[in-house]
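J.: Structure file entry.pdb (PDB, C-alpha atoms, pLDDT in the B column) is given on the next line.
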```pdb
ATOM      1  CA  ARG A   1     124.267  93.852  86.105  1.00 42.00           C
ATOM      2  CA  SER A   2     127.991  94.490  86.551  1.00 40.00           C
ATOM      3  CA  LEU A   3     130.178  97.408  87.538  1.00 41.00           C
ATOM      4  CA  SER A   4     133.837  98.094  86.793  1.00 42.00           C
ATOM      5  CA  ASP A   5     136.413  99.334  89.269  1.00 45.00           C
ATOM      6  CA  ALA A   6     139.207 101.791  88.587  1.00 43.00           C
ATOM      7  CA  SER A   7     141.500  99.033  87.291  1.00 45.00           C
ATOM      8  CA  GLY A   8     138.935  97.864  84.768  1.00 46.00           C
ATOM      9  CA  ARG A   9     138.086  94.603  86.531  1.00 43.00           C
ATOM     10  CA  SER A  10     134.493  93.456  86.336  1.00 40.00           C
ATOM     11  CA  LEU A  11     132.605  93.524  89.619  1.00 39.00           C
ATOM     12  CA  SER A  12     129.477  91.414  89.848  1.00 41.00           C
ATOM     13  CA  ASP A  13     126.422  92.971  91.449  1.00 43.00           C
ATOM     14  CA  ALA A  14     123.167  91.518  92.730  1.00 45.00           C
ATOM     15  CA  PRO A  15     120.190  91.886  90.381  1.00 47.00           C
ATOM     16  CA  GLY A  16     119.416  95.578  90.374  1.00 46.00           C
ATOM     17  CA  ARG A  17     120.193  98.891  88.845  1.00 46.00           C
ATOM     18  CA  SER A  18     123.481 100.671  89.463  1.00 47.00           C
ATOM     19  CA  LEU A  19     123.356 104.409  90.010  1.00 53.00           C
ATOM     20  CA  SER A  20     127.105 104.945  90.258  1.00 44.00           C
ATOM     21  CA  ASP A  21     130.391 103.272  89.321  1.00 41.00           C
ATOM     22  CA  ALA A  22     133.780 103.102  90.995  1.00 40.00           C
ATOM     23  CA  SER A  23     135.146 106.084  89.050  1.00 44.00           C
ATOM     24  CA  GLY A  24     132.638 108.456  90.603  1.00 45.00           C
ATOM     25  CA  PRO A  25     128.941 109.227  90.966  1.00 45.00           C
ATOM     26  CA  ARG A  26     126.630 108.609  88.055  1.00 48.00           C
ATOM     27  CA  PRO A  27     123.197 110.240  88.186  1.00 48.00           C
ATOM     28  CA  ALA A  28     120.095 108.110  88.252  1.00 49.00           C
ATOM     29  CA  ARG A  29     117.729 108.072  85.316  1.00 49.00           C
ATOM     30  CA  SER A  30     114.205 109.294  85.838  1.00 46.00           C
ATOM     31  CA  ALA A  31     111.174 107.511  84.424  1.00 47.00           C
ATOM     32  CA  SER A  32     111.237 109.896  81.449  1.00 46.00           C
ATOM     33  CA  GLY A  33     114.855 109.040  80.703  1.00 48.00           C
ATOM     34  CA  GLY A  34     116.373 112.316  81.908  1.00 48.00           C
ATOM     35  CA  ALA A  35     119.350 112.399  84.212  1.00 47.00           C
ATOM     36  CA  VAL A  36     118.699 113.139  87.866  1.00 49.00           C
ATOM     37  CA  ALA A  37     121.746 114.545  89.621  1.00 47.00           C
ATOM     38  CA  PRO A  38     122.264 113.484  93.253  1.00 50.00           C
ATOM     39  CA  LYS A  39     122.075 116.178  95.880  1.00 53.00           C
ATOM     40  CA  VAL A  40     125.398 116.849  97.600  1.00 49.00           C
ATOM     41  CA  PRO A  41     124.971 117.973 101.226  1.00 49.00           C
ATOM     42  CA  ALA A  42     125.977 121.596 101.626  1.00 48.00           C
ATOM     43  CA  GLY A  43     128.620 122.564 104.145  1.00 46.00           C
ATOM     44  CA  GLY A  44     127.245 122.803 107.647  1.00 45.00           C
ATOM     45  CA  PRO A  45     128.732 123.173 111.089  1.00 45.00           C
ATOM     46  CA  GLY A  46     132.350 122.140 110.741  1.00 44.00           C
ATOM     47  CA  GLY A  47     131.870 121.510 107.021  1.00 44.00           C
ATOM     48  CA  SER A  48     133.676 123.799 104.582  1.00 43.00           C
ATOM     49  CA  ALA A  49     135.222 123.170 101.189  1.00 42.00           C
ATOM     50  CA  GLU A  50     139.000 123.095 101.035  1.00 46.00           C
ATOM     51  CA  ALA A  51     140.823 125.770  99.081  1.00 46.00           C
ATOM     52  CA  GLY A  52     141.739 124.749  95.563  1.00 48.00           C
ATOM     53  CA  ASP A  53     138.913 122.200  95.185  1.00 52.00           C
ATOM     54  CA  SER A  54     137.357 121.812  91.769  1.00 56.00           C
ATOM     55  CA  LYS A  55     134.318 124.013  91.279  1.00 63.00           C
ATOM     56  CA  GLU A  56     132.602 121.226  89.334  1.00 68.00           C
ATOM     57  CA  ASP A  57     132.820 118.698  92.185  1.00 63.00           C
ATOM     58  CA  PRO A  58     133.559 120.478  95.464  1.00 65.00           C
ATOM     59  CA  ILE A  59     134.651 118.290  98.371  1.00 62.00           C
ATOM     60  CA  THR A  60     132.591 118.733 101.499  1.00 59.00           C
ATOM     61  CA  ARG A  61     133.650 117.744 104.992  1.00 60.00           C
ATOM     62  CA  GLN A  62     130.249 117.586 106.679  1.00 64.00           C
ATOM     63  CA  MET A  63     129.634 114.460 108.741  1.00 68.00           C
ATOM     64  CA  ILE A  64     126.379 112.831 107.605  1.00 75.00           C
ATOM     65  CA  ASP A  65     124.997 109.327 108.085  1.00 80.00           C
ATOM     66  CA  LYS A  66     123.857 107.098 105.227  1.00 81.00           C
ATOM     67  CA  ARG A  67     120.172 107.242 106.191  1.00 84.00           C
ATOM     68  CA  THR A  68     120.159 111.039 105.969  1.00 87.00           C
ATOM     69  CA  SER A  69     122.059 110.866 102.702  1.00 86.00           C
ATOM     70  CA  ARG A  70     119.450 108.486 101.260  1.00 86.00           C
ATOM     71  CA  ARG A  71     116.685 110.873 102.271  1.00 89.00           C
ATOM     72  CA  ASN A  72     118.534 113.784 100.677  1.00 89.00           C
ATOM     73  CA  ASN A  73     118.647 111.797  97.422  1.00 90.00           C
ATOM     74  CA  ARG A  74     115.103 110.398  97.676  1.00 91.00           C
ATOM     75  CA  GLU A  75     114.023 111.856  94.314  1.00 93.00           C
ATOM     76  CA  SER A  76     116.730 109.912  92.476  1.00 93.00           C
ATOM     77  CA  PHE A  77     115.944 106.671  94.299  1.00 94.00           C
ATOM     78  CA  VAL A  78     112.167 107.030  93.885  1.00 94.00           C
ATOM     79  CA  ALA A  79     112.607 107.627  90.139  1.00 94.00           C
ATOM     80  CA  ALA A  80     114.762 104.487  89.826  1.00 94.00           C
ATOM     81  CA  ILE A  81     112.215 102.398  91.757  1.00 94.00           C
ATOM     82  CA  ARG A  82     109.410 103.725  89.561  1.00 93.00           C
ATOM     83  CA  GLU A  83     111.380 102.724  86.447  1.00 92.00           C
ATOM     84  CA  TRP A  84     111.949  99.210  87.879  1.00 92.00           C
ATOM     85  CA  ARG A  85     108.225  98.817  88.555  1.00 92.00           C
ATOM     86  CA  GLU A  86     107.371  99.819  85.004  1.00 90.00           C
ATOM     87  CA  GLU A  87     109.778  97.197  83.683  1.00 88.00           C
ATOM     88  CA  ILE A  88     108.514  94.470  86.027  1.00 82.00           C
ATOM     89  CA  ASN A  89     104.941  94.933  84.824  1.00 76.00           C
ATOM     90  CA  SER A  90     105.979  93.804  81.343  1.00 75.00           C
ATOM     91  CA  ARG A  91     108.069  90.851  82.553  1.00 70.00           C
ATOM     92  CA  LYS A  92     106.855  87.275  82.409  1.00 62.00           C
ATOM     93  CA  PRO A  93     105.603  85.865  85.736  1.00 55.00           C
ATOM     94  CA  LEU A  94     107.811  83.680  87.933  1.00 54.00           C
ATOM     95  CA  SER A  95     105.692  80.641  87.064  1.00 49.00           C
ATOM     96  CA  HIS A  96     107.035  80.922  83.504  1.00 50.00           C
ATOM     97  CA  VAL A  97     110.633  81.186  84.756  1.00 48.00           C
ATOM     98  CA  ARG A  98     110.132  78.065  86.876  1.00 46.00           C
ATOM     99  CA  GLY A  99     109.223  75.976  83.861  1.00 41.00           C
ATOM    100  CA  GLY A 100     105.626  76.966  83.313  1.00 41.00           C
ATOM    101  CA  ALA A 101     104.253  74.937  86.209  1.00 44.00           C
ATOM    102  CA  VAL A 102     100.920  76.217  87.409  1.00 42.00           C
ATOM    103  CA  ALA A 103     101.056  77.130  91.079  1.00 50.00           C
ATOM    104  CA  ALA A 104      98.847  75.077  93.359  1.00 52.00           C
ATOM    105  CA  SER A 105      95.764  76.832  94.643  1.00 55.00           C
ATOM    106  CA  SER A 106      95.326  77.686  98.303  1.00 51.00           C
ATOM    107  CA  GLU A 107      92.901  74.761  98.542  1.00 56.00           C
ATOM    108  CA  GLN A 108      95.661  72.293  97.536  1.00 64.00           C
ATOM    109  CA  ARG A 109      98.545  73.675  99.602  1.00 67.00           C
ATOM    110  CA  LYS A 110      99.431  72.264 103.007  1.00 82.00           C
ATOM    111  CA  VAL A 111     101.449  75.388 103.839  1.00 88.00           C
ATOM    112  CA  LEU A 112     100.736  78.743 102.231  1.00 90.00           C
ATOM    113  CA  VAL A 113     103.017  81.753 102.700  1.00 93.00           C
ATOM    114  CA  VAL A 114     101.115  85.027 102.486  1.00 94.00           C
ATOM    115  CA  ALA A 115     102.904  88.384 102.560  1.00 95.00           C
ATOM    116  CA  ARG A 116     101.198  91.714 103.125  1.00 95.00           C
ATOM    117  CA  LYS A 117     102.672  95.175 102.661  1.00 95.00           C
ATOM    118  CA  ARG A 118     101.540  97.994 104.905  1.00 94.00           C
ATOM    119  CA  PRO A 119     101.462 101.653 103.804  1.00 93.00           C
ATOM    120  CA  LEU A 120     103.873 104.223 105.173  1.00 93.00           C
ATOM    121  CA  PHE A 121     102.739 106.082 108.276  1.00 93.00           C
ATOM    122  CA  PRO A 122     102.402 109.888 108.145  1.00 94.00           C
ATOM    123  CA  HIS A 123     105.321 110.364 110.526  1.00 93.00           C
ATOM    124  CA  GLU A 124     107.507 108.244 108.217  1.00 92.00           C
ATOM    125  CA  THR A 125     106.717 110.258 105.090  1.00 91.00           C
ATOM    126  CA  GLY A 126     107.038 113.427 107.148  1.00 92.00           C
ATOM    127  CA  ARG A 127     110.684 112.696 107.951  1.00 90.00           C
ATOM    128  CA  GLY A 128     111.517 111.929 104.313  1.00 91.00           C
ATOM    129  CA  ASP A 129     111.195 108.138 104.167  1.00 92.00           C
ATOM    130  CA  PHE A 130     109.965 106.598 100.899  1.00 94.00           C
ATOM    131  CA  ASP A 131     108.430 103.342  99.682  1.00 95.00           C
ATOM    132  CA  VAL A 132     111.021 100.641  98.914  1.00 95.00           C
ATOM    133  CA  VAL A 133     108.754  97.561  98.678  1.00 95.00           C
ATOM    134  CA  SER A 134     106.946  96.405  95.538  1.00 94.00           C
ATOM    135  CA  THR A 135     104.349  93.644  95.188  1.00 93.00           C
ATOM    136  CA  THR A 136     102.928  91.432  92.480  1.00 90.00           C
ATOM    137  CA  PRO A 137     100.293  88.725  93.111  1.00 90.00           C
ATOM    138  CA  SER A 138     103.039  86.204  93.933  1.00 90.00           C
ATOM    139  CA  THR A 139     106.203  88.175  94.740  1.00 91.00           C
ATOM    140  CA  MET A 140     107.537  90.775  97.137  1.00 93.00           C
ATOM    141  CA  ALA A 141     110.514  92.912  96.125  1.00 94.00           C
ATOM    142  CA  VAL A 142     112.701  94.966  98.455  1.00 95.00           C
ATOM    143  CA  HIS A 143     114.723  97.783  96.900  1.00 95.00           C
ATOM    144  CA  LEU A 144     117.949  98.434  98.791  1.00 94.00           C
ATOM    145  CA  CYS A 145     118.899 102.078  98.288  1.00 94.00           C
ATOM    146  CA  MET A 146     122.538 102.453  99.260  1.00 91.00           C
ATOM    147  CA  MET A 147     125.281 105.049  99.203  1.00 89.00           C
ATOM    148  CA  ASN A 148     128.953 104.659  98.394  1.00 86.00           C
ATOM    149  CA  PRO A 149     131.467 105.423 101.171  1.00 83.00           C
ATOM    150  CA  ASP A 150     131.838 108.964  99.811  1.00 80.00           C
ATOM    151  CA  LEU A 151     128.062 109.440 100.479  1.00 77.00           C
ATOM    152  CA  LYS A 152     127.662 110.904  96.983  1.00 79.00           C
ATOM    153  CA  GLY A 153     127.587 107.913  94.631  1.00 86.00           C
ATOM    154  CA  MET A 154     124.330 105.910  94.717  1.00 91.00           C
ATOM    155  CA  PHE A 155     123.463 102.326  93.768  1.00 91.00           C
ATOM    156  CA  MET A 156     120.511  99.967  94.197  1.00 92.00           C
ATOM    157  CA  ARG A 157     119.861  96.258  94.532  1.00 93.00           C
ATOM    158  CA  HIS A 158     116.467  94.654  93.999  1.00 93.00           C
ATOM    159  CA  HIS A 159     115.717  91.475  95.967  1.00 93.00           C
ATOM    160  CA  GLU A 160     112.635  89.499  94.912  1.00 92.00           C
ATOM    161  CA  PHE A 161     110.972  86.853  97.077  1.00 93.00           C
ATOM    162  CA  GLY A 162     108.440  84.378  95.728  1.00 92.00           C
ATOM    163  CA  VAL A 163     105.433  83.712  97.986  1.00 92.00           C
ATOM    164  CA  GLY A 164     102.104  81.950  97.700  1.00 92.00           C
ATOM    165  CA  MET A 165     100.161  85.218  97.792  1.00 94.00           C
ATOM    166  CA  ALA A 166     101.215  88.844  98.124  1.00 95.00           C
ATOM    167  CA  PHE A 167      98.992  91.792  99.006  1.00 96.00           C
ATOM    168  CA  GLY A 168      99.885  95.430  98.466  1.00 94.00           C
ATOM    169  CA  GLU A 169      99.311  98.393 100.747  1.00 94.00           C
ATOM    170  CA  GLN A 170      95.885  99.058  99.204  1.00 93.00           C
ATOM    171  CA  SER A 171      94.527  95.616 100.108  1.00 94.00           C
ATOM    172  CA  SER A 172      91.823  95.273 102.753  1.00 94.00           C
ATOM    173  CA  ASN A 173      91.364  92.714 105.504  1.00 94.00           C
ATOM    174  CA  GLY A 174      88.293  91.445 103.679  1.00 94.00           C
ATOM    175  CA  GLN A 175      90.231  90.819 100.471  1.00 94.00           C
ATOM    176  CA  LEU A 176      93.010  88.986 102.295  1.00 95.00           C
ATOM    177  CA  CYS A 177      90.575  86.828 104.273  1.00 95.00           C
ATOM    178  CA  ASP A 178      88.452  85.982 101.260  1.00 94.00           C
ATOM    179  CA  GLU A 179      91.441  84.770  99.244  1.00 93.00           C
ATOM    180  CA  ALA A 180      93.780  83.294 101.866  1.00 93.00           C
ATOM    181  CA  ILE A 181      91.785  82.540 105.027  1.00 94.00           C
ATOM    182  CA  LYS A 182      88.458  81.233 103.757  1.00 93.00           C
ATOM    183  CA  PRO A 183      89.931  77.828 102.674  1.00 91.00           C
ATOM    184  CA  LEU A 184      91.252  77.334 106.225  1.00 92.00           C
ATOM    185  CA  LEU A 185      87.859  78.107 107.733  1.00 93.00           C
ATOM    186  CA  ARG A 186      86.173  75.735 105.304  1.00 92.00           C
ATOM    187  CA  ASN A 187      88.506  73.010 106.523  1.00 91.00           C
ATOM    188  CA  VAL A 188      87.566  73.815 110.137  1.00 91.00           C
ATOM    189  CA  ALA A 189      83.848  73.699 109.297  1.00 91.00           C
ATOM    190  CA  ASN A 190      84.397  70.190 107.900  1.00 92.00           C
ATOM    191  CA  GLY A 191      85.974  68.990 111.159  1.00 92.00           C
ATOM    192  CA  GLY A 192      89.629  69.684 110.386  1.00 91.00           C
ATOM    193  CA  ALA A 193      92.211  71.877 112.106  1.00 91.00           C
ATOM    194  CA  SER A 194      93.797  74.962 110.578  1.00 92.00           C
ATOM    195  CA  THR A 195      96.538  77.234 111.896  1.00 92.00           C
ATOM    196  CA  VAL A 196      97.452  80.810 111.039  1.00 92.00           C
ATOM    197  CA  PHE A 197     100.929  81.871 112.151  1.00 91.00           C
ATOM    198  CA  MET A 198     101.617  85.606 112.020  1.00 91.00           C
ATOM    199  CA  TYR A 199     105.212  86.777 111.753  1.00 91.00           C
ATOM    200  CA  GLY A 200     106.660  90.268 111.421  1.00 91.00           C
ATOM    201  CA  GLN A 201     108.537  92.968 113.252  1.00 90.00           C
ATOM    202  CA  THR A 202     106.885  95.420 115.619  1.00 91.00           C
ATOM    203  CA  GLY A 203     104.735  97.916 113.735  1.00 89.00           C
ATOM    204  CA  SER A 204     104.385  95.800 110.583  1.00 90.00           C
ATOM    205  CA  GLY A 205     100.602  95.393 110.956  1.00 91.00           C
ATOM    206  CA  LYS A 206     100.185  91.960 112.561  1.00 93.00           C
ATOM    207  CA  THR A 207      97.556  93.041 115.085  1.00 93.00           C
ATOM    208  CA  HIS A 208      95.554  94.899 112.450  1.00 94.00           C
ATOM    209  CA  THR A 209      95.535  91.854 110.164  1.00 94.00           C
ATOM    210  CA  MET A 210      94.760  89.363 112.947  1.00 94.00           C
ATOM    211  CA  ALA A 211      91.821  91.472 114.145  1.00 94.00           C
ATOM    212  CA  GLY A 212      90.374  91.285 110.655  1.00 94.00           C
ATOM    213  CA  ILE A 213      90.922  87.521 110.487  1.00 94.00           C
ATOM    214  CA  GLU A 214      89.220  86.952 113.860  1.00 93.00           C
ATOM    215  CA  GLU A 215      86.213  89.036 112.820  1.00 93.00           C
ATOM    216  CA  PHE A 216      86.017  87.198 109.491  1.00 94.00           C
ATOM    217  CA  ALA A 217      86.273  83.774 111.171  1.00 93.00           C
ATOM    218  CA  ALA A 218      83.568  84.641 113.706  1.00 92.00           C
ATOM    219  CA  SER A 219      81.187  85.752 110.977  1.00 90.00           C
ATOM    220  CA  LEU A 220      81.551  82.399 109.166  1.00 88.00           C
ATOM    221  CA  LEU A 221      81.861  79.875 111.993  1.00 88.00           C
ATOM    222  CA  LEU A 222      79.777  81.252 114.835  1.00 85.00           C
ATOM    223  CA  PRO A 223      75.960  81.388 114.731  1.00 77.00           C
ATOM    224  CA  PRO A 224      74.455  84.859 114.561  1.00 76.00           C
ATOM    225  CA  GLN A 225      73.524  86.349 117.915  1.00 71.00           C
ATOM    226  CA  PRO A 226      69.753  86.639 118.477  1.00 70.00           C
ATOM    227  CA  PRO A 227      68.406  90.145 119.109  1.00 68.00           C
ATOM    228  CA  CYS A 228      68.236  91.198 122.767  1.00 68.00           C
ATOM    229  CA  GLY A 229      64.959  90.257 124.497  1.00 63.00           C
ATOM    230  CA  THR A 230      64.247  87.221 122.340  1.00 62.00           C
ATOM    231  CA  SER A 231      64.539  83.572 123.343  1.00 55.00           C
TER     232      SER A 231
END
```
Please express the file's structure as structure tokens.
T.:
Amino acid sequence: RSLSDASGRSLSDAPGRSLSDASGPRPARSASGGAVAPKVPAGGPGGSAEAGDSKEDPITRQMIDKRTSRRNNRESFVAAIREWREEINSRKPLSHVRGGAVAASSEQRKVLVVARKRPLFPHETGRGDFDVVSTTPSTMAVHLCMMNPDLKGMFMRHHEFGVGMAFGEQSSNGQLCDEAIKPLLRNVANGGASTVFMYGQTGSGKTHTMAGIEEFAASLLLPPQPPCGTS
């Protein structure tokens, strides 16, 4: 997509959907096609409109950071992300874009990148945060919700990353292990060596996932424990 600045020059943008242009804010479109006007922070402590400002677009002087501004406009951003997800469901898979080559199965790969999305925590939704990550079976997409310097105009960029497997927030440890870990354990059972390397920032769910993998591996590789009192 492209934007135009005040002089009419074309400005290239990363793949995504623009919610505003250089001439001023442009409301996002909801999933139903209706315009969604951004919320302008009301005047607070030290924030009052100057005399003579236009009634249609009053100028506020309240200091507000971009994160708070994004949360104030969450409805517009969420609607734009929902629209992107509806479009992506009808798009051809990345394997078609890459020339139609069929991706190698987890059994054939030497290195397999697996990405897992965790759900939002209650304290995150409680403070107004919203979901900005989308998954397909082989891609992860991050939706960057950004504000213009005036903190009124909004725009978005969608960054897609191709991976071997991707699991959404509704996936279970059992599903992940059955599809991505079982081939590694089969290799171990046949005398080989397999390695699982977990990477992610603090709070992303590494310990939760690893605990499930360890339990799954023990159930397949270790003999069952005899009942107490038996030889």
J.: With only C-alpha atoms as the basis for distance, which of A:Asn148, A:Ser194, A:Asn89, A:Ser134 is at the shortest distance from Pro119 in chain A?
T.: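 Among the listed residues, A:Ser134 lies closest to Pro119 in chain A.
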J.: How many Å lie between CA of Ala189 in chain A and CA of Val113 in chain A, rounded to one decimal?
T.: 21.8 Å
J.: Any idea what's packed within 9 Å of Ala217 in chain A, counting all atoms listed in the file, ignoring anything in its chain fewer than 2 positions away? Could you give it as an MDAnalysis selection string?
T.: chainID A and resid 177 181:182 185 212:215 219:222
J.: Can you list, as a PyMOL selection string, every protein, DNA or RNA residue that comes within 9 Å of Ala141 in chain A when you count all atoms listed in the file, leaving out same-chain residues fewer than 4 positions away?
T.: chain A and resi 132-136+158-162
J.: Could you check the closest approach to Asp129 in chain A for each of A:Arg71, A:Arg186, A:Arg116, A:His143 and tell me which residue wins, using all atoms listed in the file?
T.: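 Residue with the minimum atom-to-atom distance to Asp129 in chain A: A:Arg71.
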J.: Nearest to Val78 in chain A: which of A:Ser171, A:Phe197, A:Met165, A:Phe130 is it, counting only C-alpha atoms?
T.: A:Phe130
J.: Have a look at CA of Leu176 in chain A and CA of Thr202 in chain A and let me know their distance in Å, one decimal.
T.: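 About the pair CA of Leu176 in chain A and CA of Thr202 in chain A: they are 20.3 Å apart.
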J.: For a test of reading the model, state the distance in Å between CA of Tyr199 in chain A and CA of Arg70 in chain A, rounded to one decimal.
T.: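 Those two atoms sit 28.0 Å apart.
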J.: Which is closer to Leu112 in chain A than all the others in A:Gly191, A:Pro223, A:Gly164, A:Pro183, using only C-alpha atoms?
T.: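 That would be A:Gly164, the residue with the smallest distance to Leu112 in chain A.
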J.: For this structure, which residues satisfy the selection - the PyMOL selection byres ((chain A and resi 84) around 10) - when it is evaluated on the file as given? I want them as a PDB file with C-alpha atoms, in the frame of the given file.
T.:
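The file below, selection.pdb, is the result:
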```pdb
ATOM      1  CA  GLY A  16     119.416  95.578  90.374  1.00 46.00           C
ATOM      2  CA  ARG A  17     120.193  98.891  88.845  1.00 46.00           C
ATOM      3  CA  ALA A  31     111.174 107.511  84.424  1.00 47.00           C
ATOM      4  CA  VAL A  78     112.167 107.030  93.885  1.00 94.00           C
ATOM      5  CA  ALA A  79     112.607 107.627  90.139  1.00 94.00           C
ATOM      6  CA  ALA A  80     114.762 104.487  89.826  1.00 94.00           C
ATOM      7  CA  ILE A  81     112.215 102.398  91.757  1.00 94.00           C
ATOM      8  CA  ARG A  82     109.410 103.725  89.561  1.00 93.00           C
ATOM      9  CA  GLU A  83     111.380 102.724  86.447  1.00 92.00           C
ATOM     10  CA  ARG A  85     108.225  98.817  88.555  1.00 92.00           C
ATOM     11  CA  GLU A  86     107.371  99.819  85.004  1.00 90.00           C
ATOM     12  CA  GLU A  87     109.778  97.197  83.683  1.00 88.00           C
ATOM     13  CA  ILE A  88     108.514  94.470  86.027  1.00 82.00           C
ATOM     14  CA  ASN A  89     104.941  94.933  84.824  1.00 76.00           C
ATOM     15  CA  SER A 134     106.946  96.405  95.538  1.00 94.00           C
ATOM     16  CA  HIS A 143     114.723  97.783  96.900  1.00 95.00           C
ATOM     17  CA  HIS A 158     116.467  94.654  93.999  1.00 93.00           C
TER      18      HIS A 158
END
```
